Amino acid sequence: MQIHTAYDVMKEFLITDADLDGKYGIPKIPKTFIHPGKDTVDFAESFSRKIKNHRELDVNFYVDDVQFQRLWNQPDKYMEHLKCFHAVIMPDFSISVGKNGMPLAMCLWNKYRNHALAHYMILNDIPVIPNVSILPEYCWDWCFDGLPEGSTVACCTNGRVKSRAARLEFCVGFKEMERRLKPLRVIIVGRIPEELETDTEIINFETRNQKINKEGVNGNND
């Protein structure tokens with residue numbers, strides 16, 4: 001494989017032997033029939049000494065980018081750690097679109113990084129569940145690039161359920177994802193929009209904040 005920058009400052013080693021998809025050359029992630037573990041923990045939380053039964057848990061990246069930027073900076077440092085878990089949901093560097101969103105170039109760069117790291121994990125024999133960013137229609141020409149059909153996939157509803165408009169936008173994008181990817185099942189981390197109608201198998205897990213809030217409520221009831 002040819003490295004295009006001196007000292008590989010762009011980390012092209014991450015996409016060794018990858019097939020690239022779409023006009024932007026997004027690394028393809030193969031389909032997986034993995035059934036999710038019993039729960040998910042986010043990358044930052046996965047280092048907690050309180051975590052038990054690692055082999056029954058999936059690692060997700062549905063947290064602020066700053067909490068897993070170190071994975072991009074030093075990917076080899078964390079491969080053995082991630083192997084301790086049942087599976088890893090593909091990284092989720094932020095893709096923010098719309099009036100107050102990021103420039104398209106930044107969104108594409110983060111999508112590329114998500115796929116590149118996922119590909120590298122697969123090269124290191126880590127089971128990876130593809131992550132889908134559910135985006136508005138004007139992003140559909142690129143947001144599904146590199147994602148497999150007929151696979152278990154995952155998504156997150158953080159910030160997508162507070163308003164009815166946000167929920168409806170998510171539901172429209174979800175339907176398009178179903179049409180294009182025909183997923184075997186979908187893992188949804190976070191609240192499921194009440195407007196979502198689907199025949200696809202949905203497996204729902206709570207975010208860390210949901211768990212903390214629930215513990216707080218239960219604690220107040222004691």
# chains A, B, ... in the order shown; residues from 1 in each chain; ligands from 1
call {"tool": "select_by_dssp", "arguments": {"residues": "segment 55-182 of chain A", "states": "strand (DSSP E or B)", "output": "PyMOL selection string"}}
result
chain A and resi 57-60+87-89+128-129+131+152-156
call {"tool": "write_last_selection", "arguments": {"atoms": "all heavy atoms", "output": "JSON list (two decimals), in the first residue's frame"}}
result
[["chain", "number", "residue", "atom", "x", "y", "z"],
["A", 57, "LEU", "N", -20.21, -7.21, 27.28],
["A", 57, "LEU", "CA", -20.49, -5.80, 27.02],
["A", 57, "LEU", "C", -19.91, -5.36, 25.68],
["A", 57, "LEU", "O", -18.86, -5.82, 25.26],
["A", 57, "LEU", "CB", -19.90, -4.93, 28.13],
["A", 57, "LEU", "CG", -20.37, -5.22, 29.56],
["A", 57, "LEU", "CD1", -19.59, -4.36, 30.54],
["A", 57, "LEU", "CD2", -21.87, -4.97, 29.69],
["A", 58, "ASP", "N", -20.60, -4.43, 25.04],
["A", 58, "ASP", "CA", -20.10, -3.79, 23.82],
["A", 58, "ASP", "C", -19.63, -2.38, 24.16],
["A", 58, "ASP", "O", -20.26, -1.69, 24.97],
["A", 58, "ASP", "CB", -21.20, -3.71, 22.76],
["A", 58, "ASP", "CG", -21.71, -5.08, 22.34],
["A", 58, "ASP", "OD1", -20.91, -6.03, 22.33],
["A", 58, "ASP", "OD2", -22.91, -5.18, 22.01],
["A", 59, "VAL", "N", -18.56, -1.96, 23.54],
["A", 59, "VAL", "CA", -18.05, -0.60, 23.74],
["A", 59, "VAL", "C", -18.66, 0.31, 22.68],
["A", 59, "VAL", "O", -18.66, -0.03, 21.49],
["A", 59, "VAL", "CB", -16.51, -0.57, 23.65],
["A", 59, "VAL", "CG1", -16.01, 0.87, 23.77],
["A", 59, "VAL", "CG2", -15.89, -1.44, 24.73],
["A", 60, "ASN", "N", -19.17, 1.46, 23.11],
["A", 60, "ASN", "CA", -19.66, 2.45, 22.15],
["A", 60, "ASN", "C", -18.87, 3.75, 22.28],
["A", 60, "ASN", "O", -18.13, 3.95, 23.25],
["A", 60, "ASN", "CB", -21.17, 2.69, 22.31],
["A", 60, "ASN", "CG", -21.50, 3.52, 23.55],
["A", 60, "ASN", "OD1", -21.17, 4.70, 23.63],
["A", 60, "ASN", "ND2", -22.17, 2.90, 24.52],
["A", 87, "ALA", "N", -17.80, -6.92, 21.82],
["A", 87, "ALA", "CA", -17.68, -6.30, 20.50],
["A", 87, "ALA", "C", -17.51, -4.80, 20.70],
["A", 87, "ALA", "O", -17.63, -4.28, 21.81],
["A", 87, "ALA", "CB", -18.91, -6.60, 19.64],
["A", 88, "VAL", "N", -17.23, -4.13, 19.60],
["A", 88, "VAL", "CA", -17.09, -2.67, 19.62],
["A", 88, "VAL", "C", -18.02, -2.08, 18.57],
["A", 88, "VAL", "O", -18.01, -2.52, 17.42],
["A", 88, "VAL", "CB", -15.63, -2.25, 19.33],
["A", 88, "VAL", "CG1", -15.52, -0.74, 19.20],
["A", 88, "VAL", "CG2", -14.69, -2.76, 20.43],
["A", 89, "ILE", "N", -18.83, -1.13, 19.00],
["A", 89, "ILE", "CA", -19.61, -0.37, 18.02],
["A", 89, "ILE", "C", -18.68, 0.67, 17.41],
["A", 89, "ILE", "O", -17.99, 1.40, 18.13],
["A", 89, "ILE", "CB", -20.82, 0.31, 18.69],
["A", 89, "ILE", "CG1", -21.78, -0.76, 19.24],
["A", 89, "ILE", "CG2", -21.55, 1.22, 17.70],
["A", 89, "ILE", "CD1", -22.96, -0.21, 20.03],
["A", 128, "VAL", "N", -16.53, -5.82, 15.16],
["A", 128, "VAL", "CA", -17.01, -4.44, 15.03],
["A", 128, "VAL", "C", -18.44, -4.43, 14.51],
["A", 128, "VAL", "O", -18.75, -5.09, 13.51],
["A", 128, "VAL", "CB", -16.10, -3.62, 14.10],
["A", 128, "VAL", "CG1", -16.72, -2.26, 13.78],
["A", 128, "VAL", "CG2", -14.71, -3.44, 14.72],
["A", 129, "ILE", "N", -19.29, -3.67, 15.17],
["A", 129, "ILE", "CA", -20.66, -3.45, 14.72],
["A", 129, "ILE", "C", -20.71, -2.09, 14.03],
["A", 129, "ILE", "O", -20.36, -1.07, 14.64],
["A", 129, "ILE", "CB", -21.64, -3.48, 15.91],
["A", 129, "ILE", "CG1", -21.61, -4.86, 16.58],
["A", 129, "ILE", "CG2", -23.06, -3.13, 15.44],
["A", 129, "ILE", "CD1", -22.37, -4.92, 17.89],
["A", 131, "ASN", "N", -21.61, 1.50, 12.76],
["A", 131, "ASN", "CA", -22.41, 2.58, 13.31],
["A", 131, "ASN", "C", -22.95, 3.44, 12.18],
["A", 131, "ASN", "O", -22.22, 3.80, 11.25],
["A", 131, "ASN", "CB", -21.55, 3.44, 14.25],
["A", 131, "ASN", "CG", -22.27, 4.68, 14.71],
["A", 131, "ASN", "OD1", -23.30, 4.60, 15.38],
["A", 131, "ASN", "ND2", -21.75, 5.85, 14.34],
["A", 152, "THR", "N", -26.05, -6.41, 11.23],
["A", 152, "THR", "CA", -26.36, -5.74, 12.48],
["A", 152, "THR", "C", -25.71, -4.36, 12.43],
["A", 152, "THR", "O", -24.54, -4.25, 12.08],
["A", 152, "THR", "CB", -25.80, -6.52, 13.69],
["A", 152, "THR", "OG1", -26.40, -7.81, 13.76],
["A", 152, "THR", "CG2", -26.07, -5.78, 15.00],
["A", 153, "VAL", "N", -26.44, -3.32, 12.74],
["A", 153, "VAL", "CA", -25.88, -1.97, 12.79],
["A", 153, "VAL", "C", -26.34, -1.30, 14.07],
["A", 153, "VAL", "O", -27.23, -1.79, 14.77],
["A", 153, "VAL", "CB", -26.27, -1.11, 11.57],
["A", 153, "VAL", "CG1", -25.77, -1.74, 10.27],
["A", 153, "VAL", "CG2", -27.78, -0.89, 11.52],
["A", 154, "ALA", "N", -25.73, -0.15, 14.37],
["A", 154, "ALA", "CA", -26.09, 0.58, 15.59],
["A", 154, "ALA", "C", -26.22, 2.06, 15.29],
["A", 154, "ALA", "O", -25.66, 2.57, 14.32],
["A", 154, "ALA", "CB", -25.02, 0.35, 16.67],
["A", 155, "CYS", "N", -26.97, 2.74, 16.12],
["A", 155, "CYS", "CA", -27.07, 4.20, 16.03],
["A", 155, "CYS", "C", -27.40, 4.72, 17.42],
["A", 155, "CYS", "O", -27.72, 3.96, 18.34],
["A", 155, "CYS", "CB", -28.12, 4.63, 15.01],
["A", 155, "CYS", "SG", -29.81, 4.14, 15.41],
["A", 156, "CYS", "N", -27.33, 6.04, 17.56],
["A", 156, "CYS", "CA", -27.58, 6.67, 18.85],
["A", 156, "CYS", "C", -28.57, 7.81, 18.66],
["A", 156, "CYS", "O", -28.56, 8.49, 17.63],
["A", 156, "CYS", "CB", -26.27, 7.18, 19.44],
["A", 156, "CYS", "SG", -26.44, 7.94, 21.08]]
call {"tool": "residues_around", "arguments": {"residues": "Lys28 of chain A", "least_positions_apart": "4", "cutoff": "8 Å", "atoms": "only C-alpha atoms", "output": "mmCIF file with C-alpha atoms, in the first residue's frame"}}
result
data_model
loop_
_atom_site.group_PDB
_atom_site.id
_atom_site.type_symbol
_atom_site.label_atom_id
_atom_site.label_comp_id
_atom_site.auth_asym_id
_atom_site.auth_seq_id
_atom_site.Cartn_x
_atom_site.Cartn_y
_atom_site.Cartn_z
ATOM 1 C CA ALA A 18 -9.374 -1.571 2.708
ATOM 2 C CA ASP A 19 -11.888 -1.297 -0.124
ATOM 3 C CA LEU A 20 -12.962 2.313 -0.570
ATOM 4 C CA ASP A 21 -16.545 3.313 -1.325
ATOM 5 C CA HIS A 115 -14.472 3.976 9.224
ATOM 6 C CA HIS A 119 -11.302 -1.127 9.680
ATOM 7 C CA ASP A 145 -21.070 5.151 2.072
ATOM 8 C CA GLY A 146 -18.905 2.312 3.341
ATOM 9 C CA LEU A 147 -21.706 0.679 5.326
ATOM 10 C CA PRO A 148 -22.810 -2.921 4.664
#
call {"tool": "closest_residue", "arguments": {"among": "A:Gly101, A:Pro127, A:Pro91, A:Gly173", "to": "Gly37 of chain A", "atoms": "only C-alpha atoms"}}
result
A:Pro127
call {"tool": "atom_distance", "arguments": {"atom1": "atom CA of Tyr138 of chain A", "atom2": "atom CA of Ala166 of chain A"}}
result
15.3 Å
call {"tool": "select_by_dssp", "arguments": {"residues": "segment 24-131 of chain A", "states": "alpha helix (DSSP H)", "output": "count of residues only"}}
result
29
call {"tool": "closest_residue", "arguments": {"among": "A:Arg49, A:Tyr24, A:Lys211, A:Glu137", "to": "Gly98 of chain A", "atoms": "only C-alpha atoms"}}
result
A:Glu137
call {"tool": "closest_residue", "arguments": {"among": "A:Val66, A:Cys107, A:Ile192, A:Ala6", "to": "Ala44 of chain A", "atoms": "only C-alpha atoms"}}
result
A:Val66
call {"tool": "residues_around", "arguments": {"residues": "Glu80 of chain A", "least_positions_apart": "5", "cutoff": "10 Å", "atoms": "only C-alpha atoms", "output": "number ranges by chain"}}
result
A: 85, 124, 126
call {"tool": "write_last_selection", "arguments": {"atoms": "C-alpha atoms", "output": "tab-separated table (two decimals), in the first residue's frame"}}
result
chain	number	residue	atom	x	y	z
A	85	PHE	CA	-15.10	-6.85	25.33
A	124	ASN	CA	-6.74	-6.58	14.80
A	126	ILE	CA	-11.87	-7.10	17.11
call {"tool": "closest_residue", "arguments": {"among": "A:Met102, A:Ile29, A:Met10, A:Cys84", "to": "Ser46 of chain A", "atoms": "only C-alpha atoms"}}
result
A:Cys84
call {"tool": "closest_residue", "arguments": {"among": "A:Asn213, A:Ser163, A:Gln67, A:Thr16", "to": "Glu194 of chain A", "atoms": "only C-alpha atoms"}}
result
A:Ser163
call {"tool": "decode", "arguments": {"residues": "segment 65-147 of chain A", "atoms": "C-alpha atoms", "output": "PDB file, in the first residue's frame"}}
result
ATOM      1  CA  ASP A  65     -15.085  13.371  20.827  1.00  0.00           C
ATOM      2  CA  VAL A  66     -12.512  14.572  23.333  1.00  0.00           C
ATOM      3  CA  GLN A  67     -13.088  11.388  25.339  1.00  0.00           C
ATOM      4  CA  PHE A  68     -11.766   9.152  22.567  1.00  0.00           C
ATOM      5  CA  GLN A  69      -9.478  11.402  20.525  1.00  0.00           C
ATOM      6  CA  ARG A  70      -6.638   9.448  22.149  1.00  0.00           C
ATOM      7  CA  LEU A  71      -7.766   6.373  20.213  1.00  0.00           C
ATOM      8  CA  TRP A  72      -7.112   8.240  16.961  1.00  0.00           C
ATOM      9  CA  ASN A  73      -3.804   9.609  18.260  1.00  0.00           C
ATOM     10  CA  GLN A  74      -2.486   6.227  19.441  1.00  0.00           C
ATOM     11  CA  PRO A  75      -4.707   3.440  18.090  1.00  0.00           C
ATOM     12  CA  ASP A  76      -2.285   0.593  18.836  1.00  0.00           C
ATOM     13  CA  LYS A  77      -2.287   1.525  22.503  1.00  0.00           C
ATOM     14  CA  TYR A  78      -5.959   0.514  22.844  1.00  0.00           C
ATOM     15  CA  MET A  79      -6.384  -2.562  20.668  1.00  0.00           C
ATOM     16  CA  GLU A  80      -5.713  -5.054  23.464  1.00  0.00           C
ATOM     17  CA  HIS A  81      -8.077  -3.184  25.760  1.00  0.00           C
ATOM     18  CA  LEU A  82     -10.898  -3.359  23.223  1.00  0.00           C
ATOM     19  CA  LYS A  83     -10.314  -7.078  22.727  1.00  0.00           C
ATOM     20  CA  CYS A  84     -11.497  -7.594  26.322  1.00  0.00           C
ATOM     21  CA  PHE A  85     -15.096  -6.849  25.330  1.00  0.00           C
ATOM     22  CA  HIS A  86     -17.805  -8.731  23.446  1.00  0.00           C
ATOM     23  CA  ALA A  87     -17.679  -6.304  20.502  1.00  0.00           C
ATOM     24  CA  VAL A  88     -17.088  -2.675  19.625  1.00  0.00           C
ATOM     25  CA  ILE A  89     -19.606  -0.365  18.024  1.00  0.00           C
ATOM     26  CA  MET A  90     -17.726   1.591  15.368  1.00  0.00           C
ATOM     27  CA  PRO A  91     -16.308   4.974  16.500  1.00  0.00           C
ATOM     28  CA  ASP A  92     -18.562   7.999  16.262  1.00  0.00           C
ATOM     29  CA  PHE A  93     -16.570  11.186  15.773  1.00  0.00           C
ATOM     30  CA  SER A  94     -19.113  13.988  15.503  1.00  0.00           C
ATOM     31  CA  ILE A  95     -20.924  14.677  12.261  1.00  0.00           C
ATOM     32  CA  SER A  96     -22.906  17.875  12.746  1.00  0.00           C
ATOM     33  CA  VAL A  97     -24.881  19.281   9.828  1.00  0.00           C
ATOM     34  CA  GLY A  98     -27.421  22.015   9.309  1.00  0.00           C
ATOM     35  CA  LYS A  99     -27.450  25.764   9.893  1.00  0.00           C
ATOM     36  CA  ASN A 100     -25.119  25.642  12.887  1.00  0.00           C
ATOM     37  CA  GLY A 101     -23.275  22.490  11.846  1.00  0.00           C
ATOM     38  CA  MET A 102     -19.701  21.824  10.838  1.00  0.00           C
ATOM     39  CA  PRO A 103     -18.291  22.476   7.364  1.00  0.00           C
ATOM     40  CA  LEU A 104     -18.886  19.498   5.064  1.00  0.00           C
ATOM     41  CA  ALA A 105     -15.141  18.824   4.845  1.00  0.00           C
ATOM     42  CA  MET A 106     -15.005  18.311   8.610  1.00  0.00           C
ATOM     43  CA  CYS A 107     -18.036  16.005   8.559  1.00  0.00           C
ATOM     44  CA  LEU A 108     -16.452  13.905   5.813  1.00  0.00           C
ATOM     45  CA  TRP A 109     -13.139  13.787   7.676  1.00  0.00           C
ATOM     46  CA  ASN A 110     -14.856  12.507  10.801  1.00  0.00           C
ATOM     47  CA  LYS A 111     -16.833   9.929   8.826  1.00  0.00           C
ATOM     48  CA  TYR A 112     -13.574   8.774   7.261  1.00  0.00           C
ATOM     49  CA  ARG A 113     -11.911   8.537  10.677  1.00  0.00           C
ATOM     50  CA  ASN A 114     -14.807   6.481  12.047  1.00  0.00           C
ATOM     51  CA  HIS A 115     -14.472   3.976   9.224  1.00  0.00           C
ATOM     52  CA  ALA A 116     -10.669   3.940   9.244  1.00  0.00           C
ATOM     53  CA  LEU A 117     -10.524   3.099  12.944  1.00  0.00           C
ATOM     54  CA  ALA A 118     -13.235   0.455  12.555  1.00  0.00           C
ATOM     55  CA  HIS A 119     -11.302  -1.127   9.680  1.00  0.00           C
ATOM     56  CA  TYR A 120      -8.140  -1.178  11.782  1.00  0.00           C
ATOM     57  CA  MET A 121      -9.978  -2.827  14.663  1.00  0.00           C
ATOM     58  CA  ILE A 122     -11.154  -5.545  12.287  1.00  0.00           C
ATOM     59  CA  LEU A 123      -7.558  -6.017  11.117  1.00  0.00           C
ATOM     60  CA  ASN A 124      -6.741  -6.585  14.795  1.00  0.00           C
ATOM     61  CA  ASP A 125      -9.442  -9.274  15.159  1.00  0.00           C
ATOM     62  CA  ILE A 126     -11.868  -7.096  17.105  1.00  0.00           C
ATOM     63  CA  PRO A 127     -15.563  -7.729  16.318  1.00  0.00           C
ATOM     64  CA  VAL A 128     -17.010  -4.439  15.030  1.00  0.00           C
ATOM     65  CA  ILE A 129     -20.658  -3.448  14.722  1.00  0.00           C
ATOM     66  CA  PRO A 130     -21.108  -0.745  12.034  1.00  0.00           C
ATOM     67  CA  ASN A 131     -22.407   2.579  13.312  1.00  0.00           C
ATOM     68  CA  VAL A 132     -24.856   4.604  11.230  1.00  0.00           C
ATOM     69  CA  SER A 133     -25.188   8.377  11.506  1.00  0.00           C
ATOM     70  CA  ILE A 134     -28.859   9.132  10.851  1.00  0.00           C
ATOM     71  CA  LEU A 135     -28.718  12.429   8.942  1.00  0.00           C
ATOM     72  CA  PRO A 136     -31.062  14.686   6.902  1.00  0.00           C
ATOM     73  CA  GLU A 137     -31.845  13.993   3.261  1.00  0.00           C
ATOM     74  CA  TYR A 138     -29.214  16.361   1.859  1.00  0.00           C
ATOM     75  CA  CYS A 139     -26.534  14.104   3.425  1.00  0.00           C
ATOM     76  CA  TRP A 140     -27.819  10.835   1.988  1.00  0.00           C
ATOM     77  CA  ASP A 141     -25.450  10.953  -0.982  1.00  0.00           C
ATOM     78  CA  TRP A 142     -22.522  10.236   1.340  1.00  0.00           C
ATOM     79  CA  CYS A 143     -23.626   9.315   4.876  1.00  0.00           C
ATOM     80  CA  PHE A 144     -24.326   5.653   4.001  1.00  0.00           C
ATOM     81  CA  ASP A 145     -21.070   5.151   2.072  1.00  0.00           C
ATOM     82  CA  GLY A 146     -18.905   2.312   3.341  1.00  0.00           C
ATOM     83  CA  LEU A 147     -21.706   0.679   5.326  1.00  0.00           C
TER      84      LEU A 147
END
